[in-house]
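Structure below is entry-v3.cif: mmCIF, C-alpha atoms.
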data_protein
loop_
_atom_site.label_atom_id
_atom_site.label_comp_id
_atom_site.auth_asym_id
_atom_site.auth_seq_id
_atom_site.Cartn_x
_atom_site.Cartn_y
_atom_site.Cartn_z
CA MET L 83 66.52 19.18 238.38
CA GLU L 84 69.62 20.70 240.00
CA VAL L 85 68.88 22.99 242.95
CA HIS L 86 70.89 25.43 245.04
CA HIS L 87 72.04 24.26 248.46
CA PRO L 88 72.27 27.39 250.62
CA THR L 89 74.89 27.55 253.36
CA LYS L 90 72.51 29.49 255.60
CA LYS L 91 69.00 28.28 256.38
CA ASP L 92 67.36 30.18 259.22
CA PHE L 93 64.05 31.44 257.85
CA MET L 94 61.36 28.71 257.86
CA ALA L 95 64.20 26.25 258.38
CA LYS L 96 62.02 23.13 258.55
CA PHE L 97 60.99 23.46 254.90
CA GLU L 98 63.08 21.88 252.14
CA ARG L 99 64.61 24.26 249.56
CA PHE L 100 64.01 23.75 245.82
CA GLU L 101 65.47 26.88 244.23
CA PRO L 102 66.52 25.76 240.72
CA VAL L 103 69.95 26.40 239.26
CA VAL L 104 68.42 26.83 235.79
CA MET L 105 66.13 29.86 235.73
CA ASP L 106 63.44 30.89 233.28
CA HIS L 107 61.56 34.13 232.73
CA SER L 108 58.62 33.22 234.96
CA ALA L 109 60.83 32.50 237.97
CA VAL L 110 62.77 35.74 237.56
CA ILE L 111 59.56 37.76 237.19
CA VAL L 112 58.29 36.34 240.49
CA ALA L 113 61.46 37.69 242.13
CA LYS L 114 60.97 41.08 240.48
CA GLN L 115 57.39 41.21 241.79
CA CYS L 116 58.34 40.36 245.35
CA LYS L 117 61.38 38.70 246.93
CA ARG L 118 59.22 37.06 249.60
CA ARG L 119 56.87 35.67 246.97
CA TYR L 120 59.94 34.30 245.20
CA PHE L 121 60.91 32.58 248.45
CA TYR L 122 57.49 30.96 248.87
CA ARG L 123 56.99 29.90 245.25
CA ILE L 124 60.46 29.28 243.80
CA VAL L 125 62.63 28.49 246.83
CA LEU L 126 60.11 26.54 248.92
CA GLY L 127 57.95 25.35 246.01
CA PHE L 128 54.54 26.31 247.44
CA GLN L 129 51.96 26.74 244.70
CA GLU L 130 48.25 27.53 244.63
CA LYS L 131 46.11 24.39 244.86
CA VAL L 132 43.70 25.47 242.13
CA THR L 133 44.82 26.55 238.66
CA PRO L 134 43.57 30.12 238.01
CA GLN L 135 40.92 30.13 235.28
CA PHE L 136 42.80 32.55 233.03
CA PHE L 137 45.98 30.47 233.26
CA GLY L 138 44.28 27.18 232.40
CA PHE L 139 42.38 28.81 229.53
CA GLY L 140 45.59 30.24 228.09
CA THR L 141 47.44 26.94 228.40
CA CYS L 142 44.68 25.18 226.45
CA VAL L 143 44.78 27.77 223.65
CA HIS L 144 48.56 27.26 223.44
CA LYS L 145 47.98 23.53 223.12
CA PHE L 146 45.67 24.06 220.16
CA ALA L 147 48.19 26.27 218.34
CA GLU L 148 50.99 23.80 219.04
CA VAL L 149 49.18 20.70 217.76
CA LEU L 150 47.80 22.49 214.71
CA GLU L 151 51.23 23.79 213.64
CA GLU L 152 53.00 20.49 214.29
CA GLN L 153 50.57 18.69 211.98
CA TYR L 154 51.10 21.27 209.28
CA MET L 155 54.87 21.03 209.58
CA GLU L 156 54.61 17.26 209.09
CA LEU L 157 52.48 17.85 205.99
CA ALA L 158 55.02 20.33 204.65
CA LYS L 159 57.85 17.87 205.28
CA VAL L 160 56.08 15.17 203.27
CA GLU L 161 55.17 17.48 200.40
CA ARG L 162 58.66 18.97 200.18
CA SER L 163 60.19 15.50 200.07
CA LYS L 164 58.32 15.18 196.78
CA SER L 165 58.97 18.74 195.55
CA PRO L 166 61.97 20.34 197.38
CA ASP L 167 61.35 23.82 195.95
CA LEU L 168 57.73 23.98 197.08
CA LYS L 169 56.88 27.30 198.76
CA THR L 170 54.69 27.60 201.84
CA ARG L 171 51.90 29.33 199.93
CA ASP L 172 51.87 26.46 197.42
CA LEU L 173 51.37 23.72 199.99
CA PRO L 174 48.01 21.94 200.02
CA ALA L 175 45.18 23.75 201.76
CA VAL L 176 44.91 23.15 205.49
CA GLN L 177 42.83 20.07 206.09
CA LEU L 178 39.85 20.37 208.42
CA GLY L 179 40.96 17.15 210.07
CA MET L 180 43.99 18.98 211.46
CA ALA L 181 41.80 21.46 213.32
CA GLN L 182 39.71 18.61 214.73
CA VAL L 183 42.78 16.75 216.00
CA ALA L 184 44.06 19.95 217.63
CA LEU L 185 40.66 20.66 219.16
CA ASN L 186 40.42 17.14 220.57
CA ALA L 187 43.87 17.53 222.18
CA THR L 188 42.80 20.88 223.63
CA ARG L 189 39.61 19.52 225.14
CA GLU L 190 41.54 16.60 226.65
CA LEU L 191 43.92 19.06 228.29
CA TRP L 192 40.96 21.07 229.60
CA LYS L 193 39.71 17.89 231.31
CA LYS L 194 43.17 16.85 232.51
CA LYS L 195 43.64 20.19 234.25
CA HIS L 196 40.20 19.74 235.87
CA MET L 197 38.96 22.96 234.31
CA ARG L 198 35.31 23.86 234.74
CA ASP L 199 33.13 26.71 233.54
CA PRO L 200 33.35 29.44 236.21
CA VAL L 201 30.38 30.40 238.36
CA VAL L 202 28.36 33.21 236.79
CA GLY L 203 29.46 36.46 238.36
CA ASP L 204 33.07 35.36 238.73
CA ARG L 205 35.66 37.79 237.39
CA PHE L 206 36.56 35.34 234.63
CA ASP L 207 33.14 33.76 234.09
CA PHE L 208 33.44 34.36 230.34
CA LEU L 209 36.39 31.94 230.04
CA THR L 210 34.22 28.91 229.46
CA GLU L 211 34.82 25.78 227.43
CA LYS L 212 32.52 27.19 224.76
CA ARG L 213 34.63 30.36 224.55
CA LEU L 214 37.73 28.16 224.34
CA VAL L 215 36.31 26.37 221.29
CA GLU L 216 35.32 29.70 219.71
CA SER L 217 38.85 31.01 220.30
CA CYS L 218 40.36 27.95 218.62
CA LEU L 219 38.10 28.34 215.59
CA GLU L 220 39.03 32.03 215.34
CA TRP L 221 42.68 30.97 215.47
CA VAL L 222 42.13 28.57 212.55
CA LYS L 223 40.77 31.38 210.35
CA HIS L 224 43.72 33.62 211.14
CA TRP L 225 46.14 30.76 210.66
CA GLN L 226 44.70 29.70 207.29
CA ALA L 227 45.01 33.27 206.00
CA GLU L 228 48.65 33.35 207.11
CA LYS L 229 49.46 30.09 205.33
CA LYS L 230 47.75 31.31 202.16
CA ALA L 231 49.79 34.53 202.18
CA GLY L 232 53.00 32.51 202.51
CA ARG L 233 55.15 35.27 204.01
CA ILE L 234 55.86 33.41 207.26
CA GLU L 235 57.75 30.15 207.56
CA VAL L 236 57.74 28.37 210.92
CA ILE L 237 61.27 27.12 211.64
CA ALA L 238 60.57 25.53 215.02
CA THR L 239 57.65 25.16 217.39
CA GLU L 240 57.72 24.72 221.19
CA GLN L 241 61.51 25.11 221.12
CA ASN L 242 63.13 24.40 224.49
CA PHE L 243 66.41 26.14 225.20
CA ILE L 244 69.05 26.29 227.93
CA VAL L 245 71.71 28.87 227.12
CA PRO L 246 74.59 30.13 229.31
CA LEU L 247 75.10 33.80 230.09
CA PRO L 248 78.67 35.16 230.22
CA ASP L 249 78.67 34.71 234.02
CA GLY L 250 78.01 30.98 233.62
CA SER L 251 74.39 31.06 234.80
CA LEU L 252 71.87 29.21 232.68
CA VAL L 253 68.87 30.81 231.00
CA ALA L 254 66.03 28.47 230.08
CA GLY L 255 62.68 28.78 228.36
CA LYS L 256 60.37 27.45 225.69
CA ALA L 257 59.77 29.56 222.59
CA ASP L 258 56.29 29.11 221.15
CA GLN L 259 57.72 29.48 217.65
CA ILE L 260 60.79 30.62 215.78
CA ILE L 261 59.81 31.96 212.37
CA ARG L 262 61.26 33.51 209.26
CA TRP L 263 59.18 36.49 208.22
CA ASN L 264 60.04 38.23 204.96
CA GLY L 265 63.49 36.68 205.10
CA LYS L 266 64.32 37.69 208.70
CA VAL L 267 64.21 35.60 211.86
CA TRP L 268 61.74 36.45 214.62
CA GLY L 269 60.41 34.73 217.68
CA ARG L 270 56.66 34.38 217.96
CA ASP L 271 54.83 34.29 221.26
CA PHE L 272 51.17 33.49 221.78
CA LYS L 273 49.24 35.28 224.50
CA THR L 274 45.69 35.22 225.80
CA SER L 275 44.39 38.40 227.38
CA SER L 276 41.26 40.12 228.62
CA LYS L 277 42.95 43.52 228.52
CA GLU L 278 41.93 46.00 225.85
CA GLN L 279 44.48 45.95 223.03
CA ASN L 280 45.17 49.66 223.20
CA ALA L 281 48.06 51.98 223.91
CA TYR L 282 48.15 50.79 227.52
CA TYR L 283 48.61 47.16 226.46
CA THR L 284 51.39 48.02 224.04
CA ARG L 285 53.32 49.57 226.94
CA THR L 286 53.75 46.03 228.29
CA LEU L 287 55.69 44.96 225.19
CA ASP L 288 58.80 47.00 226.00
CA PRO L 289 60.35 46.81 228.52
CA ASN L 290 59.49 43.13 228.77
CA ASP L 291 61.94 40.62 230.20
CA GLN L 292 60.46 37.62 228.39
CA PHE L 293 60.58 39.13 224.92
CA THR L 294 64.16 40.38 225.33
CA ARG L 295 65.25 37.12 226.96
CA TYR L 296 63.77 35.01 224.16
CA THR L 297 65.22 37.25 221.45
CA TRP L 298 68.69 36.87 223.00
CA ALA L 299 68.34 33.10 223.42
CA GLU L 300 67.02 32.60 219.89
CA GLN L 301 70.03 34.48 218.51
CA GLN L 302 72.27 32.00 220.30
CA LEU L 303 70.29 29.09 218.85
CA CYS L 304 70.04 30.42 215.29
CA GLY L 305 73.47 32.02 214.95
CA GLU L 306 71.96 35.04 213.20
CA PRO L 307 70.21 38.24 214.27
CA VAL L 308 66.69 37.89 215.64
CA GLN L 309 64.55 40.98 215.15
CA GLY L 310 62.39 40.56 218.22
CA GLN L 311 59.06 38.90 218.97
CA LEU L 312 55.88 38.76 216.95
CA VAL L 313 53.24 38.73 219.69
CA GLN L 314 49.87 37.28 218.77
CA VAL L 315 47.14 37.87 221.33
CA ILE L 316 43.81 36.07 221.48
CA TYR L 317 41.58 38.63 223.14
CA ASN L 318 38.51 37.68 225.16
CA ALA L 319 36.86 39.94 227.70
CA LYS L 320 33.74 40.14 229.82
CA GLY L 321 31.05 41.99 227.92
CA THR L 322 28.56 44.60 229.01
CA LYS L 323 24.83 44.96 228.49
CA ALA L 324 25.53 47.07 225.42
CA THR L 325 28.25 44.72 224.15
CA PRO L 326 27.53 41.29 225.64
CA LYS L 327 30.43 39.58 223.88
CA LYS L 328 33.99 40.90 223.45
CA GLY L 329 36.09 38.43 221.52
CA PRO L 330 37.50 36.13 220.54
CA LYS L 331 39.62 38.34 218.33
CA ILE L 332 43.28 38.13 217.35
CA PHE L 333 45.65 41.08 217.60
CA THR L 334 49.26 41.14 216.43
CA HIS L 335 51.94 43.31 218.04
CA LEU L 336 55.63 43.75 217.30
CA ALA L 337 58.17 43.75 220.12
CA THR L 338 61.37 44.64 218.28
CA ARG L 339 64.74 44.62 220.04
CA SER L 340 67.97 46.38 219.09
CA GLN L 341 71.32 44.81 219.85
CA ARG L 342 71.89 47.55 222.42
CA GLN L 343 68.71 46.55 224.27
CA ILE L 344 69.73 42.91 224.19
CA ASP L 345 73.25 43.60 225.47
CA LYS L 346 71.85 45.73 228.30
CA TRP L 347 69.48 42.94 229.28
CA VAL L 348 72.40 40.50 229.52
CA GLU L 349 74.27 42.94 231.78
CA GLU L 350 71.26 43.49 234.03
CA GLN L 351 70.39 39.81 234.21
CA MET L 352 73.86 38.98 235.48
CA PHE L 353 73.49 41.76 238.06
CA TYR L 354 70.16 40.31 239.14
CA ASN L 355 71.82 36.93 239.57
CA LYS L 356 74.09 38.59 242.16
CA LEU L 357 71.02 39.89 244.02
CA LEU L 358 69.49 36.41 244.09
CA LYS L 359 72.77 34.98 245.39
CA LEU L 360 72.92 37.64 248.10
CA MET L 361 69.40 36.73 249.26
CA ARG L 362 70.32 33.05 249.19
CA ASP L 363 73.55 33.57 251.14
CA GLU L 364 71.92 35.81 253.75
CA ASP L 365 68.63 33.86 253.76
CA VAL L 366 66.73 37.14 253.61
CA TYR L 367 63.85 37.65 251.18
CA PRO L 368 62.29 41.11 251.71
CA MET L 369 58.59 41.77 251.18
CA GLU L 370 57.55 44.20 248.42
CA GLU L 371 54.47 45.74 250.02
CA ALA L 372 53.50 47.68 246.91
CA ASN L 373 52.53 44.37 245.26
CA CYS L 374 50.49 42.85 248.11
CA ALA L 375 46.99 43.71 246.87
CA PHE L 376 46.59 40.82 244.43
CA CYS L 377 49.26 38.43 245.70
CA PRO L 378 48.03 34.88 246.46
CA TYR L 379 50.43 34.72 249.43
CA HIS L 380 49.00 37.79 251.17
CA SER L 381 47.36 35.69 253.87
CA VAL L 382 50.75 34.13 254.65
CA CYS L 383 52.66 37.39 254.98
CA LYS L 384 50.11 38.99 257.28
CA ALA L 385 50.23 36.09 259.76
CA PRO L 386 51.72 37.37 263.06
CA SER L 387 54.52 34.82 263.51
CA GLU L 388 56.84 32.62 261.48
CA GLY L 389 55.06 29.54 262.79
CA ALA L 390 51.68 30.90 261.73
CA GLN L 391 53.08 31.75 258.30
CA MET L 392 54.37 28.21 257.84
CA ALA L 393 51.02 26.77 258.93
CA LYS L 394 49.28 28.96 256.35
CA LEU L 395 51.58 27.73 253.60
CA GLU L 396 50.97 24.10 254.50
CA ALA L 397 47.20 24.55 254.77
CA GLU L 398 46.48 26.73 251.75
CA PHE L 399 49.09 25.65 249.19
CA LYS L 400 50.64 22.53 247.72
CA ILE L 401 54.32 21.81 247.15
CA GLU L 402 55.18 21.75 243.44
CA PRO L 403 58.90 22.52 242.92
CA TRP L 404 59.62 24.88 240.06
CA ASP L 405 61.27 22.97 237.22
CA CYS L 406 61.38 24.97 234.01
CA ILE L 407 63.34 22.23 232.18
CA HIS L 408 60.68 19.56 232.45
CA ARG L 409 57.59 21.76 232.59
CA GLY L 410 55.23 21.36 229.65
CA PRO L 411 51.93 22.90 228.59
CA GLU L 412 50.12 20.32 230.71
CA ASP L 413 51.85 21.55 233.88
CA ASP L 414 50.58 24.33 236.12
#

Mind turning this structure into structure tokens?
Amino acid sequence: MEVHHPTKKDFMAKFERFEPVVMDHSAVIVAKQCKRRYFYRIVLGFQEKVTPQFFGFGTCVHKFAEVLEEQYMELAKVERSKSPDLKTRDLPAVQLGMAQVALNATRELWKKKHMRDPVVGDRFDFLTEKRLVESCLEWVKHWQAEKKAGRIEVIATEQNFIVPLPDGSLVAGKADQIIRWNGKVWGRDFKTSSKEQNAYYTRTLDPNDQFTRYTWAEQQLCGEPVQGQLVQVIYNAKGTKATPKKGPKIFTHLATRSQRQIDKWVEEQMFYNKLLKLMRDEDVYPMEEANCAFCPYHSVCKAPSEGAQMAKLEAEFKIEPWDCIHRGPEDD
């Protein structure tokens, strides 16, 4: 992984710098949330020691979808080698063995990430291994119906990309899927959420850096227009006494992008690169106090001296340099 080597290193000078040259959506979003948080997580590489329950749960669901689709694509490849004109809807029915293989891989990942059922009363105590299995089975039903309808063809799954912007900076990411839907190319992104799938949630679809970024990158990869992102959300939420169980349920949202929106994103991303360079050159990473309430680094920022802040980082976090090129679904 290539990293920046700043000419000025005054703030927390004893720590090594790991700021990557190749940036992905998640790293940029950290900077947009708070420049100081970006410094701690992306520049210095300090990460939470324990994987948040919602993050580990979502990663495992992604693993299930990935393994399931990869098996099906292999089946389609074999069948089409026999009958080249075979349509998706005419392929053999999805075999139950595929779902079992995907579920086994998902459970192995759950163990590998040292996931445990949360303590009852925890904010995310509903994200248990049992709910994970239920979510995967719900996904299979939705997925089988999609294959039977035959309107969507998966072109690529877990597609890594590194694409240059006009300013020479590199944009990286991993698209969950690239699909052809009714003859047009879309990206497809899988999400897990405990938020109600209402008008408030749909406000998060646009503006959305990730969906615009991926649409732009997929256009570069495909060489043809990409309509936007088909966002499929597996919804699970903590129930109430009246409704003890909310989910799993799958919702589908469209995050379309016009060429004007995409071009504007490119312009703004290059501008943001200049801001990051300015912070790097000046070695100044301002705090964004409006975002302190739920920040994992709050205890660091409120420490009274630079030495105390560094001690907090060393005691409460682990060093895990951000590397979007080699990160996989098994990584935190």

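Within the file as shown, the PyMOL selection byres ((chain L and resi 227-243) around 6) identifies Thr170, Arg171, His224, Trp225, Gln226, Ile244, Ala254, Gly255, Lys256, Ala257, Asp258, Gln259, Ile260, Ile261, Arg262, Trp263 and Asn264 of chain L.
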
Evaluate the PyMOL selection byres ((chain L and resi 269) around 9) against this structure - the residues, as an mmCIF file with C-alpha atoms, in the frame of the given file, please.
data_model
loop_
_atom_site.group_PDB
_atom_site.id
_atom_site.type_symbol
_atom_site.label_atom_id
_atom_site.label_comp_id
_atom_site.auth_asym_id
_atom_site.auth_seq_id
_atom_site.Cartn_x
_atom_site.Cartn_y
_atom_site.Cartn_z
ATOM 1 C CA ALA L 257 59.770 29.560 222.590
ATOM 2 C CA ASP L 258 56.290 29.110 221.150
ATOM 3 C CA GLN L 259 57.720 29.480 217.650
ATOM 4 C CA ILE L 260 60.790 30.620 215.780
ATOM 5 C CA ILE L 261 59.810 31.960 212.370
ATOM 6 C CA ARG L 262 61.260 33.510 209.260
ATOM 7 C CA VAL L 267 64.210 35.600 211.860
ATOM 8 C CA TRP L 268 61.740 36.450 214.620
ATOM 9 C CA ARG L 270 56.660 34.380 217.960
ATOM 10 C CA ASP L 271 54.830 34.290 221.260
ATOM 11 C CA PHE L 293 60.580 39.130 224.920
ATOM 12 C CA TYR L 296 63.770 35.010 224.160
ATOM 13 C CA THR L 297 65.220 37.250 221.450
ATOM 14 C CA GLU L 300 67.020 32.600 219.890
ATOM 15 C CA VAL L 308 66.690 37.890 215.640
ATOM 16 C CA GLN L 309 64.550 40.980 215.150
ATOM 17 C CA GLY L 310 62.390 40.560 218.220
ATOM 18 C CA GLN L 311 59.060 38.900 218.970
ATOM 19 C CA LEU L 312 55.880 38.760 216.950
ATOM 20 C CA VAL L 313 53.240 38.730 219.690
#

Item to check | Point-to-point distance from CA of Ala397 in chain L to CA of Lys91 in chain L, Å rounded to tenths | outcome: 22.2 Å

Item to check | Of the listed residues L:Glu130, L:Glu371, L:Glu101, L:Glu211, that which approaches Phe399 in chain L most closely, counting only C-alpha atoms | outcome: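 So, comparing all the options, the nearest one is L:Glu130.
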
Item to check | Reference answer for the PyMOL selection byres ((chain L and resi 406) around 10), as JSON, numbers by chain | outcome: {"L": [83, 102, 104, 105, 106, 107, 108, 109, 242, 244, 253, 254, 255, 256, 403, 404, 405, 407, 408, 409, 410]}

Checklist entry - What separation in Å, quoted to one decimal, exists between CA of Asp365 in chain L and CA of Val85 in chain L? => result 15.3 Å

Write out as JSON lines a residue-level contact list of range 107-173 of chain L versus range 352-362 of chain L with cut-off 12 Å: for each qualifying residue the closest pair of atoms and the distance in Å to one decimal, counting all atoms listed in the file, rows sorted by chain and residue number upward.
{"residue": "L:Ala109", "atom": "CA", "partner": "L:Leu358", "partner_atom": "CA", "distance": 11.3}
{"residue": "L:Val110", "atom": "CA", "partner": "L:Tyr354", "partner_atom": "CA", "distance": 8.8}
{"residue": "L:Ile111", "atom": "CA", "partner": "L:Tyr354", "partner_atom": "CA", "distance": 11.1}
{"residue": "L:Val112", "atom": "CA", "partner": "L:Leu358", "partner_atom": "CA", "distance": 11.8}
{"residue": "L:Ala113", "atom": "CA", "partner": "L:Leu358", "partner_atom": "CA", "distance": 8.4}
{"residue": "L:Lys114", "atom": "CA", "partner": "L:Tyr354", "partner_atom": "CA", "distance": 9.3}
{"residue": "L:Cys116", "atom": "CA", "partner": "L:Leu358", "partner_atom": "CA", "distance": 11.9}
{"residue": "L:Lys117", "atom": "CA", "partner": "L:Met361", "partner_atom": "CA", "distance": 8.6}
{"residue": "L:Arg118", "atom": "CA", "partner": "L:Met361", "partner_atom": "CA", "distance": 10.2}
{"residue": "L:Tyr120", "atom": "CA", "partner": "L:Leu358", "partner_atom": "CA", "distance": 9.8}
{"residue": "L:Phe121", "atom": "CA", "partner": "L:Arg362", "partner_atom": "CA", "distance": 9.5}
{"residue": "L:Ile124", "atom": "CA", "partner": "L:Leu358", "partner_atom": "CA", "distance": 11.5}
{"residue": "L:Val125", "atom": "CA", "partner": "L:Arg362", "partner_atom": "CA", "distance": 9.2}

Axis-aligned box for all listed atoms of range 137-140 of chain L, 3 Å per side, centre and edges in Å to one decimal, as lines of an AutoDock Vina configuration file:
center_x = 44.2
center_y = 28.8
center_z = 230.7
size_x = 9.6
size_y = 9.3
size_z = 11.2
